[in-house]
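Colleague: Structure file entry.txt (compact mmCIF, all heavy atoms) is given on the next line.
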# COMPACT_ATOMS: atom_id res chain seq x y z
N MET A 924 97.72 97.29 98.77
CA MET A 924 98.64 98.40 98.64
C MET A 924 99.72 98.37 99.72
O MET A 924 100.89 98.53 99.42
CB MET A 924 97.81 99.69 98.69
CG MET A 924 98.64 100.94 98.63
SD MET A 924 99.31 101.09 96.99
CE MET A 924 100.30 102.53 97.20
N TRP A 925 99.31 98.19 100.98
CA TRP A 925 100.28 98.17 102.08
C TRP A 925 101.27 97.02 101.98
O TRP A 925 102.46 97.22 102.26
CB TRP A 925 99.56 98.16 103.43
CG TRP A 925 99.02 99.50 103.79
CD1 TRP A 925 97.71 99.87 103.82
CD2 TRP A 925 99.77 100.66 104.14
NE1 TRP A 925 97.60 101.18 104.17
CE2 TRP A 925 98.86 101.70 104.38
CE3 TRP A 925 101.13 100.92 104.26
CZ2 TRP A 925 99.26 102.98 104.74
CZ3 TRP A 925 101.53 102.20 104.63
CH2 TRP A 925 100.60 103.20 104.86
N PRO A 926 100.82 95.82 101.61
CA PRO A 926 101.81 94.74 101.48
C PRO A 926 102.91 95.05 100.46
O PRO A 926 104.07 94.70 100.66
CB PRO A 926 100.98 93.53 101.05
CG PRO A 926 99.63 93.79 101.61
CD PRO A 926 99.45 95.27 101.49
N VAL A 927 102.55 95.70 99.38
CA VAL A 927 103.55 96.06 98.37
C VAL A 927 104.55 97.05 98.95
O VAL A 927 105.76 96.92 98.76
CB VAL A 927 102.86 96.63 97.11
CG1 VAL A 927 103.88 97.15 96.12
CG2 VAL A 927 101.97 95.59 96.46
N LEU A 928 104.06 98.04 99.67
CA LEU A 928 104.95 99.03 100.28
C LEU A 928 105.85 98.41 101.34
O LEU A 928 107.04 98.73 101.44
CB LEU A 928 104.13 100.17 100.87
CG LEU A 928 103.39 101.05 99.88
CD1 LEU A 928 102.51 102.06 100.61
CD2 LEU A 928 104.36 101.75 98.95
N LEU A 929 105.29 97.52 102.14
CA LEU A 929 106.09 96.87 103.18
C LEU A 929 107.14 95.94 102.59
O LEU A 929 108.25 95.84 103.11
CB LEU A 929 105.17 96.10 104.14
CG LEU A 929 104.35 96.97 105.08
CD1 LEU A 929 103.31 96.13 105.81
CD2 LEU A 929 105.24 97.69 106.06
N THR A 930 106.82 95.29 101.48
CA THR A 930 107.80 94.44 100.81
C THR A 930 108.94 95.29 100.23
O THR A 930 110.11 94.93 100.32
CB THR A 930 107.14 93.61 99.71
OG1 THR A 930 106.07 92.85 100.28
CG2 THR A 930 108.12 92.67 99.05
N GLY A 931 108.59 96.43 99.67
CA GLY A 931 109.62 97.35 99.18
C GLY A 931 110.50 97.87 100.30
O GLY A 931 111.72 97.99 100.15
N LEU A 932 109.87 98.18 101.43
CA LEU A 932 110.63 98.63 102.60
C LEU A 932 111.59 97.55 103.07
O LEU A 932 112.75 97.84 103.41
CB LEU A 932 109.68 99.01 103.73
CG LEU A 932 110.33 99.41 105.06
CD1 LEU A 932 111.16 100.66 104.89
CD2 LEU A 932 109.26 99.60 106.12
N ALA A 933 111.15 96.31 103.04
CA ALA A 933 112.02 95.20 103.44
C ALA A 933 113.22 95.11 102.50
O ALA A 933 114.35 94.88 102.95
CB ALA A 933 111.24 93.89 103.43
N GLY A 934 113.01 95.32 101.23
CA GLY A 934 114.12 95.30 100.28
C GLY A 934 115.13 96.40 100.55
O GLY A 934 116.34 96.18 100.49
N LEU A 935 114.63 97.58 100.88
CA LEU A 935 115.54 98.68 101.22
C LEU A 935 116.31 98.39 102.49
O LEU A 935 117.51 98.70 102.59
CB LEU A 935 114.74 99.98 101.37
CG LEU A 935 114.16 100.57 100.09
CD1 LEU A 935 113.28 101.77 100.41
CD2 LEU A 935 115.27 100.96 99.15
N LEU A 936 115.65 97.80 103.46
CA LEU A 936 116.33 97.48 104.72
C LEU A 936 117.39 96.40 104.53
O LEU A 936 118.48 96.48 105.12
CB LEU A 936 115.30 97.03 105.77
CG LEU A 936 114.42 98.14 106.32
CD1 LEU A 936 113.27 97.55 107.12
CD2 LEU A 936 115.21 99.11 107.16
N ILE A 937 117.11 95.41 103.70
CA ILE A 937 118.11 94.38 103.43
C ILE A 937 119.31 95.00 102.70
O ILE A 937 120.46 94.70 103.00
CB ILE A 937 117.49 93.23 102.61
CG1 ILE A 937 116.51 92.46 103.50
CG2 ILE A 937 118.57 92.30 102.07
CD1 ILE A 937 115.70 91.43 102.77
N GLY A 938 119.03 95.90 101.77
CA GLY A 938 120.11 96.61 101.09
C GLY A 938 120.95 97.43 102.06
O GLY A 938 122.17 97.50 101.93
N GLY A 939 120.29 98.06 103.03
CA GLY A 939 121.02 98.79 104.05
C GLY A 939 121.90 97.89 104.90
O GLY A 939 123.03 98.24 105.24
N GLY A 940 121.38 96.72 105.24
CA GLY A 940 122.18 95.76 106.02
C GLY A 940 123.40 95.29 105.25
O GLY A 940 124.50 95.19 105.81
N ILE A 941 123.23 95.04 103.97
CA ILE A 941 124.37 94.63 103.14
C ILE A 941 125.38 95.77 103.02
O ILE A 941 126.59 95.56 103.08
CB ILE A 941 123.88 94.17 101.75
CG1 ILE A 941 123.07 92.89 101.89
CG2 ILE A 941 125.03 93.99 100.78
CD1 ILE A 941 122.34 92.48 100.63
N SER A 942 124.86 96.99 102.88
CA SER A 942 125.75 98.14 102.79
C SER A 942 126.56 98.32 104.07
O SER A 942 127.76 98.61 104.01
CB SER A 942 124.93 99.40 102.51
OG SER A 942 125.74 100.54 102.55
N PHE A 943 125.92 98.16 105.22
CA PHE A 943 126.65 98.28 106.48
C PHE A 943 127.69 97.19 106.63
O PHE A 943 128.74 97.41 107.21
CB PHE A 943 125.69 98.25 107.66
CG PHE A 943 125.03 99.57 107.93
CD1 PHE A 943 123.70 99.63 108.32
CD2 PHE A 943 125.72 100.75 107.80
CE1 PHE A 943 123.09 100.85 108.57
CE2 PHE A 943 125.13 101.97 108.04
CZ PHE A 943 123.80 102.02 108.43
N ARG A 944 127.42 96.01 106.09
CA ARG A 944 128.41 94.92 106.15
C ARG A 944 129.65 95.32 105.33
O ARG A 944 130.78 95.11 105.76
CB ARG A 944 127.82 93.63 105.62
CG ARG A 944 128.88 92.54 105.46
CD ARG A 944 128.30 91.26 104.97
NE ARG A 944 127.68 90.57 106.10
CZ ARG A 944 127.03 89.44 106.00
NH1 ARG A 944 126.84 88.89 104.84
NH2 ARG A 944 126.52 88.87 107.07
N GLN A 945 129.43 95.89 104.14
CA GLN A 945 130.55 96.27 103.29
C GLN A 945 131.35 97.43 103.90
O GLN A 945 132.55 97.55 103.65
CB GLN A 945 130.06 96.66 101.90
CG GLN A 945 129.51 95.48 101.13
CD GLN A 945 128.91 95.88 99.80
OE1 GLN A 945 128.68 97.06 99.54
NE2 GLN A 945 128.65 94.90 98.95
N GLN A 946 130.68 98.28 104.68
CA GLN A 946 131.36 99.40 105.32
C GLN A 946 132.01 99.01 106.65
O GLN A 946 132.61 99.85 107.30
CB GLN A 946 130.37 100.54 105.57
CG GLN A 946 129.80 101.13 104.32
CD GLN A 946 128.74 102.16 104.61
OE1 GLN A 946 128.68 102.73 105.70
NE2 GLN A 946 127.87 102.40 103.65
N ARG A 947 131.87 97.73 107.01
CA ARG A 947 132.43 97.20 108.26
C ARG A 947 131.94 97.97 109.49
O ARG A 947 132.72 98.32 110.37
CB ARG A 947 133.95 97.18 108.20
CG ARG A 947 134.49 96.39 107.04
CD ARG A 947 135.95 96.06 107.22
NE ARG A 947 136.56 95.53 106.01
CZ ARG A 947 136.39 94.29 105.57
NH1 ARG A 947 135.63 93.46 106.22
NH2 ARG A 947 137.00 93.89 104.48
N LYS A 948 130.65 98.22 109.53
CA LYS A 948 130.02 98.86 110.69
C LYS A 948 129.81 97.81 111.78
O LYS A 948 129.94 96.62 111.53
CB LYS A 948 128.68 99.50 110.30
CG LYS A 948 128.81 100.59 109.27
CD LYS A 948 129.47 101.81 109.84
CE LYS A 948 129.53 102.91 108.79
NZ LYS A 948 130.23 104.08 109.23
N PRO A 949 129.44 98.23 112.98
CA PRO A 949 129.22 97.24 114.05
C PRO A 949 128.14 96.22 113.65
O PRO A 949 127.17 96.57 112.97
CB PRO A 949 128.73 98.10 115.22
CG PRO A 949 129.25 99.46 114.95
CD PRO A 949 129.30 99.60 113.46
N PRO A 950 128.31 94.97 114.07
CA PRO A 950 127.37 93.92 113.67
C PRO A 950 125.93 94.18 114.13
O PRO A 950 124.99 93.75 113.47
CB PRO A 950 127.93 92.66 114.34
CG PRO A 950 129.34 92.95 114.63
CD PRO A 950 129.45 94.43 114.81
N TRP A 951 125.74 94.88 115.24
CA TRP A 951 124.38 95.08 115.72
C TRP A 951 123.56 95.93 114.75
O TRP A 951 122.34 95.80 114.69
CB TRP A 951 124.36 95.68 117.13
CG TRP A 951 124.92 97.07 117.21
CD1 TRP A 951 126.19 97.43 117.51
CD2 TRP A 951 124.20 98.29 117.01
NE1 TRP A 951 126.32 98.79 117.49
CE2 TRP A 951 125.12 99.35 117.20
CE3 TRP A 951 122.88 98.58 116.68
CZ2 TRP A 951 124.74 100.69 117.05
CZ3 TRP A 951 122.52 99.92 116.55
CH2 TRP A 951 123.44 100.95 116.74
N THR A 952 124.23 96.82 113.97
CA THR A 952 123.47 97.61 112.99
C THR A 952 122.95 96.72 111.87
O THR A 952 121.80 96.88 111.43
CB THR A 952 124.34 98.73 112.41
OG1 THR A 952 125.51 98.17 111.84
CG2 THR A 952 124.73 99.73 113.47
N GLN A 953 123.77 95.77 111.43
CA GLN A 953 123.33 94.84 110.39
C GLN A 953 122.18 93.99 110.90
O GLN A 953 121.17 93.82 110.20
CB GLN A 953 124.48 93.93 109.98
CG GLN A 953 125.68 94.65 109.43
CD GLN A 953 126.87 93.73 109.33
OE1 GLN A 953 126.71 92.54 109.10
NE2 GLN A 953 128.06 94.27 109.50
N VAL A 954 122.32 93.47 112.10
CA VAL A 954 121.29 92.62 112.68
C VAL A 954 119.99 93.40 112.83
O VAL A 954 118.90 92.89 112.53
CB VAL A 954 121.77 92.04 114.03
CG1 VAL A 954 120.64 91.33 114.74
CG2 VAL A 954 122.94 91.11 113.82
N ALA A 955 120.08 94.65 113.27
CA ALA A 955 118.88 95.47 113.44
C ALA A 955 118.16 95.66 112.10
O ALA A 955 116.93 95.55 112.03
CB ALA A 955 119.24 96.82 114.04
N PHE A 956 118.91 95.92 111.04
CA PHE A 956 118.29 96.11 109.74
C PHE A 956 117.63 94.82 109.26
O PHE A 956 116.54 94.85 108.70
CB PHE A 956 119.33 96.60 108.72
CG PHE A 956 119.43 98.09 108.63
CD1 PHE A 956 119.90 98.83 109.70
CD2 PHE A 956 119.05 98.76 107.48
CE1 PHE A 956 119.99 100.20 109.63
CE2 PHE A 956 119.14 100.14 107.40
CZ PHE A 956 119.61 100.87 108.48
N TYR A 957 118.30 93.68 109.47
CA TYR A 957 117.72 92.41 109.03
C TYR A 957 116.47 92.06 109.84
O TYR A 957 115.51 91.53 109.29
CB TYR A 957 118.75 91.28 109.13
CG TYR A 957 119.92 91.45 108.18
CD1 TYR A 957 121.21 91.11 108.57
CD2 TYR A 957 119.73 91.94 106.90
CE1 TYR A 957 122.28 91.26 107.69
CE2 TYR A 957 120.79 92.09 106.02
CZ TYR A 957 122.06 91.75 106.43
OH TYR A 957 123.11 91.90 105.56
N ILE A 958 116.47 92.36 111.13
CA ILE A 958 115.29 92.09 111.95
C ILE A 958 114.13 92.97 111.50
O ILE A 958 112.98 92.50 111.38
CB ILE A 958 115.61 92.30 113.45
CG1 ILE A 958 116.52 91.18 113.93
CG2 ILE A 958 114.33 92.38 114.27
CD1 ILE A 958 117.05 91.38 115.35
N LEU A 959 114.40 94.24 111.24
CA LEU A 959 113.33 95.13 110.77
C LEU A 959 112.80 94.68 109.41
O LEU A 959 111.59 94.76 109.15
CB LEU A 959 113.84 96.57 110.69
CG LEU A 959 114.08 97.26 112.03
CD1 LEU A 959 114.75 98.61 111.81
CD2 LEU A 959 112.78 97.43 112.79
N ALA A 960 113.68 94.20 108.55
CA ALA A 960 113.24 93.69 107.24
C ALA A 960 112.34 92.47 107.42
O ALA A 960 111.31 92.34 106.75
CB ALA A 960 114.45 93.35 106.38
N ALA A 961 112.72 91.57 108.32
CA ALA A 961 111.90 90.38 108.57
C ALA A 961 110.54 90.78 109.13
O ALA A 961 109.50 90.22 108.73
CB ALA A 961 112.62 89.44 109.52
N MET A 962 110.53 91.74 110.05
CA MET A 962 109.25 92.20 110.61
C MET A 962 108.37 92.81 109.53
O MET A 962 107.14 92.63 109.53
CB MET A 962 109.51 93.19 111.74
CG MET A 962 110.11 92.58 112.97
SD MET A 962 110.63 93.77 114.21
CE MET A 962 109.12 94.63 114.55
N SER A 963 108.98 93.54 108.61
CA SER A 963 108.22 94.14 107.51
C SER A 963 107.62 93.07 106.61
O SER A 963 106.46 93.18 106.19
CB SER A 963 109.14 95.06 106.71
OG SER A 963 108.46 95.64 105.65
N LEU A 964 108.38 92.01 106.33
CA LEU A 964 107.84 90.93 105.49
C LEU A 964 106.72 90.17 106.21
O LEU A 964 105.73 89.80 105.57
CB LEU A 964 108.96 89.98 105.09
CG LEU A 964 109.95 90.52 104.07
CD1 LEU A 964 111.09 89.53 103.87
CD2 LEU A 964 109.24 90.80 102.76
N VAL A 965 106.86 89.97 107.50
CA VAL A 965 105.80 89.30 108.25
C VAL A 965 104.54 90.15 108.26
O VAL A 965 103.43 89.64 108.08
CB VAL A 965 106.27 88.98 109.69
CG1 VAL A 965 105.12 88.56 110.58
CG2 VAL A 965 107.34 87.91 109.67
N ALA A 966 104.70 91.46 108.45
CA ALA A 966 103.52 92.35 108.43
C ALA A 966 102.86 92.34 107.07
O ALA A 966 101.62 92.32 106.97
CB ALA A 966 103.94 93.77 108.81
N ALA A 967 103.65 92.34 106.01
CA ALA A 967 103.09 92.30 104.65
C ALA A 967 102.30 91.00 104.45
O ALA A 967 101.21 91.01 103.88
CB ALA A 967 104.19 92.42 103.62
N TYR A 968 102.85 89.90 104.93
CA TYR A 968 102.14 88.61 104.81
C TYR A 968 100.83 88.62 105.60
O TYR A 968 99.79 88.19 105.11
CB TYR A 968 103.04 87.48 105.27
CG TYR A 968 102.31 86.16 105.38
CD1 TYR A 968 101.91 85.48 104.24
CD2 TYR A 968 101.99 85.62 106.61
CE1 TYR A 968 101.23 84.29 104.33
CE2 TYR A 968 101.29 84.43 106.71
CZ TYR A 968 100.92 83.77 105.57
OH TYR A 968 100.23 82.59 105.67
N LEU A 969 100.90 89.13 106.81
CA LEU A 969 99.69 89.13 107.65
C LEU A 969 98.60 90.01 107.06
O LEU A 969 97.40 89.72 107.23
CB LEU A 969 100.04 89.59 109.07
CG LEU A 969 100.87 88.62 109.88
CD1 LEU A 969 101.24 89.25 111.23
CD2 LEU A 969 100.16 87.30 110.09
N LEU A 970 98.97 91.06 106.35
CA LEU A 970 97.97 91.91 105.73
C LEU A 970 97.32 91.25 104.52
O LEU A 970 96.27 91.71 104.07
CB LEU A 970 98.60 93.24 105.32
CG LEU A 970 98.88 94.21 106.47
CD1 LEU A 970 99.67 95.41 105.97
CD2 LEU A 970 97.59 94.65 107.12
N THR A 971 97.92 90.19 104.00
CA THR A 971 97.32 89.51 102.85
C THR A 971 96.34 88.42 103.26
O THR A 971 95.63 87.88 102.43
CB THR A 971 98.40 88.88 101.95
OG1 THR A 971 99.11 87.91 102.69
CG2 THR A 971 99.35 89.94 101.41
N LEU A 972 96.32 88.07 104.54
CA LEU A 972 95.42 87.02 105.01
C LEU A 972 93.98 87.52 105.02
O LEU A 972 93.72 88.70 105.26
CB LEU A 972 95.82 86.56 106.42
CG LEU A 972 97.19 85.89 106.55
CD1 LEU A 972 97.48 85.59 108.00
CD2 LEU A 972 97.24 84.64 105.70
N PRO A 973 93.03 86.62 104.77
CA PRO A 973 91.63 87.06 104.81
C PRO A 973 91.21 87.44 106.24
O PRO A 973 91.72 86.91 107.22
CB PRO A 973 90.86 85.83 104.34
CG PRO A 973 91.78 84.69 104.49
CD PRO A 973 93.18 85.23 104.41
N ALA A 974 90.30 88.37 106.32
CA ALA A 974 89.88 88.91 107.62
C ALA A 974 88.93 87.97 108.36
O ALA A 974 88.64 88.20 109.53
CB ALA A 974 89.22 90.27 107.44
N GLY A 975 88.42 86.96 107.71
CA GLY A 975 87.41 86.12 108.30
C GLY A 975 87.93 85.11 109.24
O GLY A 975 87.38 84.55 110.11
How does this structure look as structure tokens?

Modeller:
Amino acid sequence: MWPVLLTGLAGLLIGGGISFRQQRKPPWTQVAFYILAAMSLVAAYLLTLPAG
């Protein structure tokens, strides 16, 4: 369940980063959104690994 939610969150964050690019916002906001999206995808992946 959590991996699905985290993957969806990553999609929203990537969409936010693209939106900020189109609005010509400061580059650090885009980078922050992309970093958070990557962290969300990594967390989703780690939650799918077996616990053993």

Colleague: Find the residues near range 961-968 of chain A: any atom within 6 Å, counting all atoms listed in the file, skip ones fewer than 3 places away on the same chain, and give them as a PyMOL selection string.

Modeller: chain A and resi 925-930+932-933+936-937+956-958+971-972

Colleague: Between CA of Ala955 in chain A and CA of Gly940 in chain A, what is the distance in Å, rounded to a tenth?

Modeller: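 The value is 8.1 Å.
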
Colleague: Please compute the CA of Gln953 in chain A-CA of Gly939 in chain A distance, one decimal, in Å.

Modeller: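 Computed distance, CA of Gln953 in chain A to CA of Gly939 in chain A, equals 7.8 Å.
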
Colleague: Using DSSP on the backbone coordinates, identify all residues within chain A classified as helix (DSSP H, G or I); present the result as JSON, numbers by chain.

Modeller: {"A": [925, 926, 927, 928, 929, 930, 931, 932, 933, 934, 935, 936, 937, 938, 939, 940, 941, 942, 943, 944, 945, 950, 951, 952, 953, 954, 955, 956, 957, 958, 959, 960, 961, 962, 963, 964, 965, 966, 967, 968, 969, 970, 971]}

Colleague: Extract range 930-946 of chain A from the structure I just pasted (atoms: N, CA, C and O atoms) and return it as a compact mmCIF listing (two decimals), in the first residue's frame.

Modeller:
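result_14.txt, written as the output of this step:
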# COMPACT_ATOMS: atom_id res chain seq x y z
N THR A 930 4.76 6.28 -4.76
CA THR A 930 4.94 6.44 -6.20
C THR A 930 4.01 7.54 -6.73
O THR A 930 4.41 8.36 -7.56
N GLY A 931 2.80 7.57 -6.24
CA GLY A 931 1.87 8.63 -6.63
C GLY A 931 2.36 10.00 -6.18
O GLY A 931 2.25 10.99 -6.92
N LEU A 932 2.90 10.05 -4.97
CA LEU A 932 3.47 11.30 -4.46
C LEU A 932 4.62 11.76 -5.34
O LEU A 932 4.75 12.96 -5.64
N ALA A 933 5.45 10.83 -5.78
CA ALA A 933 6.56 11.18 -6.66
C ALA A 933 6.04 11.77 -7.96
O ALA A 933 6.60 12.74 -8.48
N GLY A 934 4.98 11.22 -8.49
CA GLY A 934 4.39 11.76 -9.71
C GLY A 934 3.89 13.17 -9.53
O GLY A 934 4.08 14.04 -10.40
N LEU A 935 3.25 13.43 -8.39
CA LEU A 935 2.79 14.79 -8.11
C LEU A 935 3.95 15.76 -7.96
O LEU A 935 3.88 16.91 -8.42
N LEU A 936 5.00 15.31 -7.32
CA LEU A 936 6.17 16.18 -7.14
C LEU A 936 6.86 16.49 -8.46
O LEU A 936 7.30 17.63 -8.69
N ILE A 937 6.95 15.51 -9.34
CA ILE A 937 7.54 15.75 -10.65
C ILE A 937 6.67 16.73 -11.44
O ILE A 937 7.18 17.64 -12.10
N GLY A 938 5.36 16.56 -11.34
CA GLY A 938 4.46 17.51 -11.99
C GLY A 938 4.63 18.92 -11.44
O GLY A 938 4.58 19.90 -12.19
N GLY A 939 4.84 19.03 -10.13
CA GLY A 939 5.09 20.34 -9.54
C GLY A 939 6.39 20.95 -10.04
O GLY A 939 6.46 22.16 -10.30
N GLY A 940 7.42 20.13 -10.18
CA GLY A 940 8.69 20.63 -10.70
C GLY A 940 8.56 21.13 -12.13
O GLY A 940 9.10 22.18 -12.49
N ILE A 941 7.81 20.40 -12.94
CA ILE A 941 7.59 20.83 -14.33
C ILE A 941 6.78 22.12 -14.35
O ILE A 941 7.05 23.04 -15.14
N SER A 942 5.79 22.20 -13.46
CA SER A 942 4.97 23.41 -13.40
C SER A 942 5.81 24.62 -13.01
O SER A 942 5.65 25.71 -13.58
N PHE A 943 6.70 24.45 -12.04
CA PHE A 943 7.55 25.57 -11.63
C PHE A 943 8.50 25.97 -12.75
O PHE A 943 8.83 27.14 -12.89
N ARG A 944 8.92 25.02 -13.56
CA ARG A 944 9.79 25.36 -14.71
C ARG A 944 9.02 26.23 -15.70
O ARG A 944 9.55 27.22 -16.21
N GLN A 945 7.76 25.87 -15.97
CA GLN A 945 6.96 26.65 -16.92
C GLN A 945 6.64 28.04 -16.38
O GLN A 945 6.46 28.97 -17.16
N GLN A 946 6.56 28.17 -15.06
CA GLN A 946 6.27 29.47 -14.45
C GLN A 946 7.53 30.30 -14.25
O GLN A 946 7.45 31.42 -13.74
